Every structure is written in structure tokens, then in C-alpha cells.
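Pasting upload37.cif here (mmCIF, C-alpha atoms and all ligand atoms):
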data_structure
loop_
_atom_site.label_atom_id
_atom_site.label_comp_id
_atom_site.auth_asym_id
_atom_site.auth_seq_id
_atom_site.Cartn_x
_atom_site.Cartn_y
_atom_site.Cartn_z
CA MET A 1 31.84 26.25 -16.11
CA LYS A 2 28.46 25.29 -14.83
CA HIS A 3 28.43 22.92 -11.86
CA GLY A 4 26.02 20.05 -11.53
CA ALA A 5 25.25 16.59 -12.93
CA TRP A 6 26.66 17.48 -16.34
CA ALA A 7 30.07 18.52 -15.03
CA TYR A 8 30.21 15.41 -12.87
CA SER A 9 29.24 13.00 -15.65
CA HIS A 10 31.84 14.50 -17.96
CA GLY A 11 34.52 14.03 -15.35
CA GLN A 12 35.22 17.71 -15.04
CA CYS A 13 34.38 18.27 -11.40
CA ARG A 14 33.83 16.33 -8.19
CA CYS A 15 32.80 19.17 -5.90
CA ASP A 16 29.90 18.74 -3.48
CA GLU A 17 27.50 20.54 -5.74
CA CYS A 18 28.34 18.35 -8.73
CA ARG A 19 28.18 15.15 -6.70
CA ALA A 20 24.81 16.11 -5.26
CA GLY A 21 23.52 17.07 -8.68
CA TRP A 22 24.69 13.79 -10.18
CA ARG A 23 23.13 11.79 -7.38
CA ALA A 24 19.81 13.56 -7.73
CA TRP A 25 19.87 13.08 -11.48
CA GLN A 26 20.67 9.39 -11.15
CA LEU A 27 17.94 8.85 -8.61
CA ARG A 28 15.47 10.57 -10.88
CA SER A 29 16.48 8.67 -13.98
CA ASN A 30 16.56 5.34 -12.15
CA ASP A 31 13.11 5.97 -10.74
CA ASN A 32 11.86 6.81 -14.19
CA ARG A 33 13.44 3.73 -15.66
CA ALA A 34 11.94 1.38 -13.09
CA ALA A 35 8.56 2.98 -13.60
CA ARG A 36 8.85 2.85 -17.37
CA LEU A 37 9.88 -0.80 -17.28
CA ALA A 38 6.92 -1.61 -15.05
CA VAL A 39 4.63 -0.04 -17.64
CA ASP A 40 6.36 -1.58 -20.65
CA PRO A 41 8.21 -4.83 -19.83
CA THR A 42 9.47 -5.11 -23.41
CA LEU A 43 11.95 -2.27 -22.73
CA ALA A 44 14.46 -4.63 -21.14
CA PRO A 45 14.81 -8.41 -21.20
CA HIS A 46 14.26 -10.05 -17.82
CA GLY A 47 16.70 -12.54 -16.41
CA LYS A 48 19.70 -10.34 -17.17
CA ARG A 49 21.99 -8.67 -14.68
CA SER A 50 21.97 -5.49 -16.75
CA THR A 51 18.23 -5.28 -16.26
CA TYR A 52 18.71 -5.76 -12.54
CA THR A 53 21.35 -3.05 -12.26
CA ASN A 54 20.37 -0.62 -15.00
CA TRP A 55 16.63 -0.88 -14.70
CA ARG A 56 16.46 -1.80 -11.04
CA CYS A 57 14.15 -4.66 -11.84
CA ARG A 58 13.73 -7.01 -8.90
CA CYS A 59 11.69 -9.76 -10.49
CA ASP A 60 12.73 -13.36 -9.85
CA PRO A 61 14.64 -13.95 -13.14
CA CYS A 62 16.57 -10.69 -12.78
CA ARG A 63 17.42 -11.38 -9.14
CA ALA A 64 18.58 -14.88 -10.15
CA ALA A 65 20.82 -13.37 -12.84
CA GLN A 66 22.29 -10.97 -10.31
CA SER A 67 23.02 -13.70 -7.76
CA ALA A 68 24.53 -15.92 -10.45
CA TRP A 69 26.78 -13.05 -11.49
CA PHE A 70 27.72 -12.33 -7.90
CA ALA A 71 28.57 -15.99 -7.23
CA ALA A 72 30.84 -16.05 -10.28
CA TYR A 73 32.36 -12.73 -9.25
CA SER A 74 33.10 -13.98 -5.73
CA ALA A 75 34.62 -17.18 -7.09
CA ARG A 76 36.88 -15.16 -9.39
CA ARG A 77 37.93 -12.92 -6.53
CA LYS A 78 38.77 -15.87 -4.31
CA ALA A 79 40.75 -17.49 -7.15
CA ALA A 80 42.66 -14.25 -7.69
CA VAL A 81 43.54 -13.88 -4.00
CA SER A 82 44.78 -17.42 -3.40
ZN ZN B 101 31.53 21.20 -9.41
ZN ZN B 102 13.10 -8.41 -14.32
#
Now, as a test, write the supplied structure out as C-alpha cells.
Ligand SMILES: [Zn+2]
Ligand SMILES: [Zn+2]
Amino acid sequence: MKHGAWAYSHGQCRCDECRAGWRAWQLRSNDNRAARLAVDPTLAPHGKRSTYTNWRCRCDPCRAAQSAWFAAYSARRKAAVS
């Protein structure tokens, strides 16, 4: 089997080489995505948490969506604990 991002993403291996390969691949693809979205804003709708996390968009509407999600998430967690 070949080690690297592919083996990691298919859940077949978690060795150092695969983890490093996966990380490098993710960094690359995330960089590309952020750059592509900057060039073409129609690729992802702003004001959505998925755009914040998946596209790494940090515009005001996307940041607001992320904080709204996080507030709801924290509230749920607190409710679950108590
Ligand atoms: Zn491996
Ligand atoms: Zn945005």
C-alpha cells in the first residue's frame, strides 16, 4: 500500500507519513479554496458556517454565522452537562 494523504483519507493508515501527507494536502486544498473563493465569490454563499469552515472565508457575514453556531453549540453543551 502506498502511504500518504490517500491512505489517511481512506482510513487505512495513521502513520506519521500519512498524517503529514494529509495535513499538507489539506493545507494546499484549503489555500486553493480560499484563493478561488476570493476570485469568484459565487462559489460559496456568504453568511454560512460551512463557508467559514470549508472555504475559510472570514468576511463579516461568515464570521457572524460561525459565532452564532458556536453560541448555539455552547448552549447545547451546557444544557447536556447540567
Ligand atoms: Zn501510512
Ligand atoms: Zn464570507
Self-check item: Surrounding residues as an MDAnalysis selection string, ligand ZN 102 (chain B), max 10 Å, all atoms listed in the file
Solution: chainID A and resid 34 37:38 41 44:52 55:65
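Near ligand ZN 101 (chain B), at distances of 12 Å or less and with all atoms listed in the file counted, sit the residues Met1, Lys2, His3, Gly4, Ala5, Trp6, Ala7, Tyr8, Ser9, His10, Gly11, Gln12, Cys13, Arg14, Cys15, Asp16, Glu17, Cys18, Arg19, Ala20, Gly21 and Trp22 of chain A.
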Create the file for the chosen residues now, containing C-alpha atoms and written as a PDB file, in the frame of the given file.
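Dumped everything to again.pdb:
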ATOM      1  CA  MET A   1      31.840  26.250 -16.110  1.00  0.00           C
ATOM      2  CA  LYS A   2      28.460  25.290 -14.830  1.00  0.00           C
ATOM      3  CA  HIS A   3      28.430  22.920 -11.860  1.00  0.00           C
ATOM      4  CA  GLY A   4      26.020  20.050 -11.530  1.00  0.00           C
ATOM      5  CA  ALA A   5      25.250  16.590 -12.930  1.00  0.00           C
ATOM      6  CA  TRP A   6      26.660  17.480 -16.340  1.00  0.00           C
ATOM      7  CA  ALA A   7      30.070  18.520 -15.030  1.00  0.00           C
ATOM      8  CA  TYR A   8      30.210  15.410 -12.870  1.00  0.00           C
ATOM      9  CA  SER A   9      29.240  13.000 -15.650  1.00  0.00           C
ATOM     10  CA  HIS A  10      31.840  14.500 -17.960  1.00  0.00           C
ATOM     11  CA  GLY A  11      34.520  14.030 -15.350  1.00  0.00           C
ATOM     12  CA  GLN A  12      35.220  17.710 -15.040  1.00  0.00           C
ATOM     13  CA  CYS A  13      34.380  18.270 -11.400  1.00  0.00           C
ATOM     14  CA  ARG A  14      33.830  16.330  -8.190  1.00  0.00           C
ATOM     15  CA  CYS A  15      32.800  19.170  -5.900  1.00  0.00           C
ATOM     16  CA  ASP A  16      29.900  18.740  -3.480  1.00  0.00           C
ATOM     17  CA  GLU A  17      27.500  20.540  -5.740  1.00  0.00           C
ATOM     18  CA  CYS A  18      28.340  18.350  -8.730  1.00  0.00           C
ATOM     19  CA  ARG A  19      28.180  15.150  -6.700  1.00  0.00           C
ATOM     20  CA  ALA A  20      24.810  16.110  -5.260  1.00  0.00           C
ATOM     21  CA  GLY A  21      23.520  17.070  -8.680  1.00  0.00           C
ATOM     22  CA  TRP A  22      24.690  13.790 -10.180  1.00  0.00           C
TER      23      TRP A  22
END
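As for atom CA of Asp40 of chain A and atom CA of Arg28 of chain A, they are spaced 18.1 Å apart.
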Self-check item: Shortest interatomic distance to Leu27 of chain A - which of A:Ser67, A:Asn54, A:Ala79, A:Ser74, counting all atoms listed in the file
Solution: A:Asn54
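Here atom CA of Thr53 of chain A is placed at a distance of 17.8 Å from atom CA of Val39 of chain A.
Atom CA of Ser29 of chain A is found 24.6 Å from atom CA of Phe70 of chain A.
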Complete segment 39-50 of chain A with all heavy atoms (output as a compact mmCIF listing (two decimals), in the frame of the given file).
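Dumped to selection-v2.txt:
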# COMPACT_ATOMS: atom_id res chain seq x y z
N VAL A 39 5.72 -0.30 -16.71
CA VAL A 39 4.63 -0.04 -17.64
C VAL A 39 4.81 -0.84 -18.92
O VAL A 39 3.87 -1.39 -19.48
CB VAL A 39 4.56 1.47 -17.96
CG1 VAL A 39 3.56 1.73 -19.08
CG2 VAL A 39 4.17 2.24 -16.70
N ASP A 40 6.09 -0.90 -19.38
CA ASP A 40 6.36 -1.58 -20.65
C ASP A 40 7.49 -2.58 -20.47
O ASP A 40 8.66 -2.25 -20.62
CB ASP A 40 6.74 -0.53 -21.71
CG ASP A 40 6.96 -1.19 -23.06
OD1 ASP A 40 6.83 -2.43 -23.17
OD2 ASP A 40 7.28 -0.45 -24.02
N PRO A 41 7.18 -3.83 -20.13
CA PRO A 41 8.21 -4.83 -19.83
C PRO A 41 9.06 -5.19 -21.04
O PRO A 41 10.08 -5.86 -20.88
CB PRO A 41 7.41 -6.05 -19.36
CG PRO A 41 6.04 -5.54 -19.08
CD PRO A 41 5.83 -4.36 -19.96
N THR A 42 8.66 -4.77 -22.23
CA THR A 42 9.47 -5.11 -23.41
C THR A 42 10.71 -4.21 -23.51
O THR A 42 11.55 -4.42 -24.37
CB THR A 42 8.65 -4.97 -24.70
OG1 THR A 42 8.25 -3.61 -24.85
CG2 THR A 42 7.42 -5.86 -24.67
N LEU A 43 10.82 -3.20 -22.66
CA LEU A 43 11.95 -2.27 -22.73
C LEU A 43 13.27 -2.97 -22.41
O LEU A 43 14.31 -2.63 -22.96
CB LEU A 43 11.74 -1.11 -21.76
CG LEU A 43 10.71 -0.07 -22.20
CD1 LEU A 43 10.43 0.89 -21.06
CD2 LEU A 43 11.20 0.68 -23.42
N ALA A 44 13.23 -3.93 -21.51
CA ALA A 44 14.46 -4.63 -21.14
C ALA A 44 14.14 -6.10 -20.92
O ALA A 44 13.10 -6.43 -20.36
CB ALA A 44 15.05 -4.01 -19.87
N PRO A 45 15.04 -6.98 -21.36
CA PRO A 45 14.81 -8.41 -21.20
C PRO A 45 15.01 -8.82 -19.74
O PRO A 45 16.01 -8.43 -19.12
CB PRO A 45 15.86 -9.05 -22.10
CG PRO A 45 16.93 -8.03 -22.20
CD PRO A 45 16.31 -6.68 -22.03
N HIS A 46 14.10 -9.58 -19.20
CA HIS A 46 14.26 -10.05 -17.82
C HIS A 46 15.21 -11.23 -17.77
O HIS A 46 15.46 -11.88 -18.78
CB HIS A 46 12.90 -10.43 -17.23
CG HIS A 46 12.02 -9.24 -17.00
ND1 HIS A 46 12.23 -8.36 -15.96
CD2 HIS A 46 10.98 -8.77 -17.70
CE1 HIS A 46 11.32 -7.40 -16.04
NE2 HIS A 46 10.55 -7.62 -17.09
N GLY A 47 15.76 -11.45 -16.57
CA GLY A 47 16.70 -12.54 -16.41
C GLY A 47 18.11 -12.13 -16.79
O GLY A 47 18.97 -12.97 -17.03
N LYS A 48 18.35 -10.82 -16.86
CA LYS A 48 19.70 -10.34 -17.17
C LYS A 48 20.17 -9.43 -16.05
O LYS A 48 19.39 -8.64 -15.51
CB LYS A 48 19.71 -9.55 -18.48
CG LYS A 48 19.50 -10.43 -19.69
CD LYS A 48 19.69 -9.64 -20.95
CE LYS A 48 21.13 -9.21 -21.15
NZ LYS A 48 21.35 -8.59 -22.45
N ARG A 49 21.47 -9.51 -15.76
CA ARG A 49 21.99 -8.67 -14.68
C ARG A 49 21.89 -7.20 -15.06
O ARG A 49 21.69 -6.33 -14.21
CB ARG A 49 23.45 -9.05 -14.39
CG ARG A 49 23.99 -8.23 -13.25
CD ARG A 49 25.39 -8.62 -12.89
NE ARG A 49 25.88 -7.61 -11.97
CZ ARG A 49 26.72 -6.65 -12.32
NH1 ARG A 49 27.20 -6.60 -13.52
NH2 ARG A 49 27.09 -5.75 -11.44
N SER A 50 22.05 -6.89 -16.34
CA SER A 50 21.97 -5.49 -16.75
C SER A 50 20.59 -4.92 -16.45
O SER A 50 20.46 -3.74 -16.11
CB SER A 50 22.30 -5.35 -18.22
OG SER A 50 21.40 -6.10 -19.00
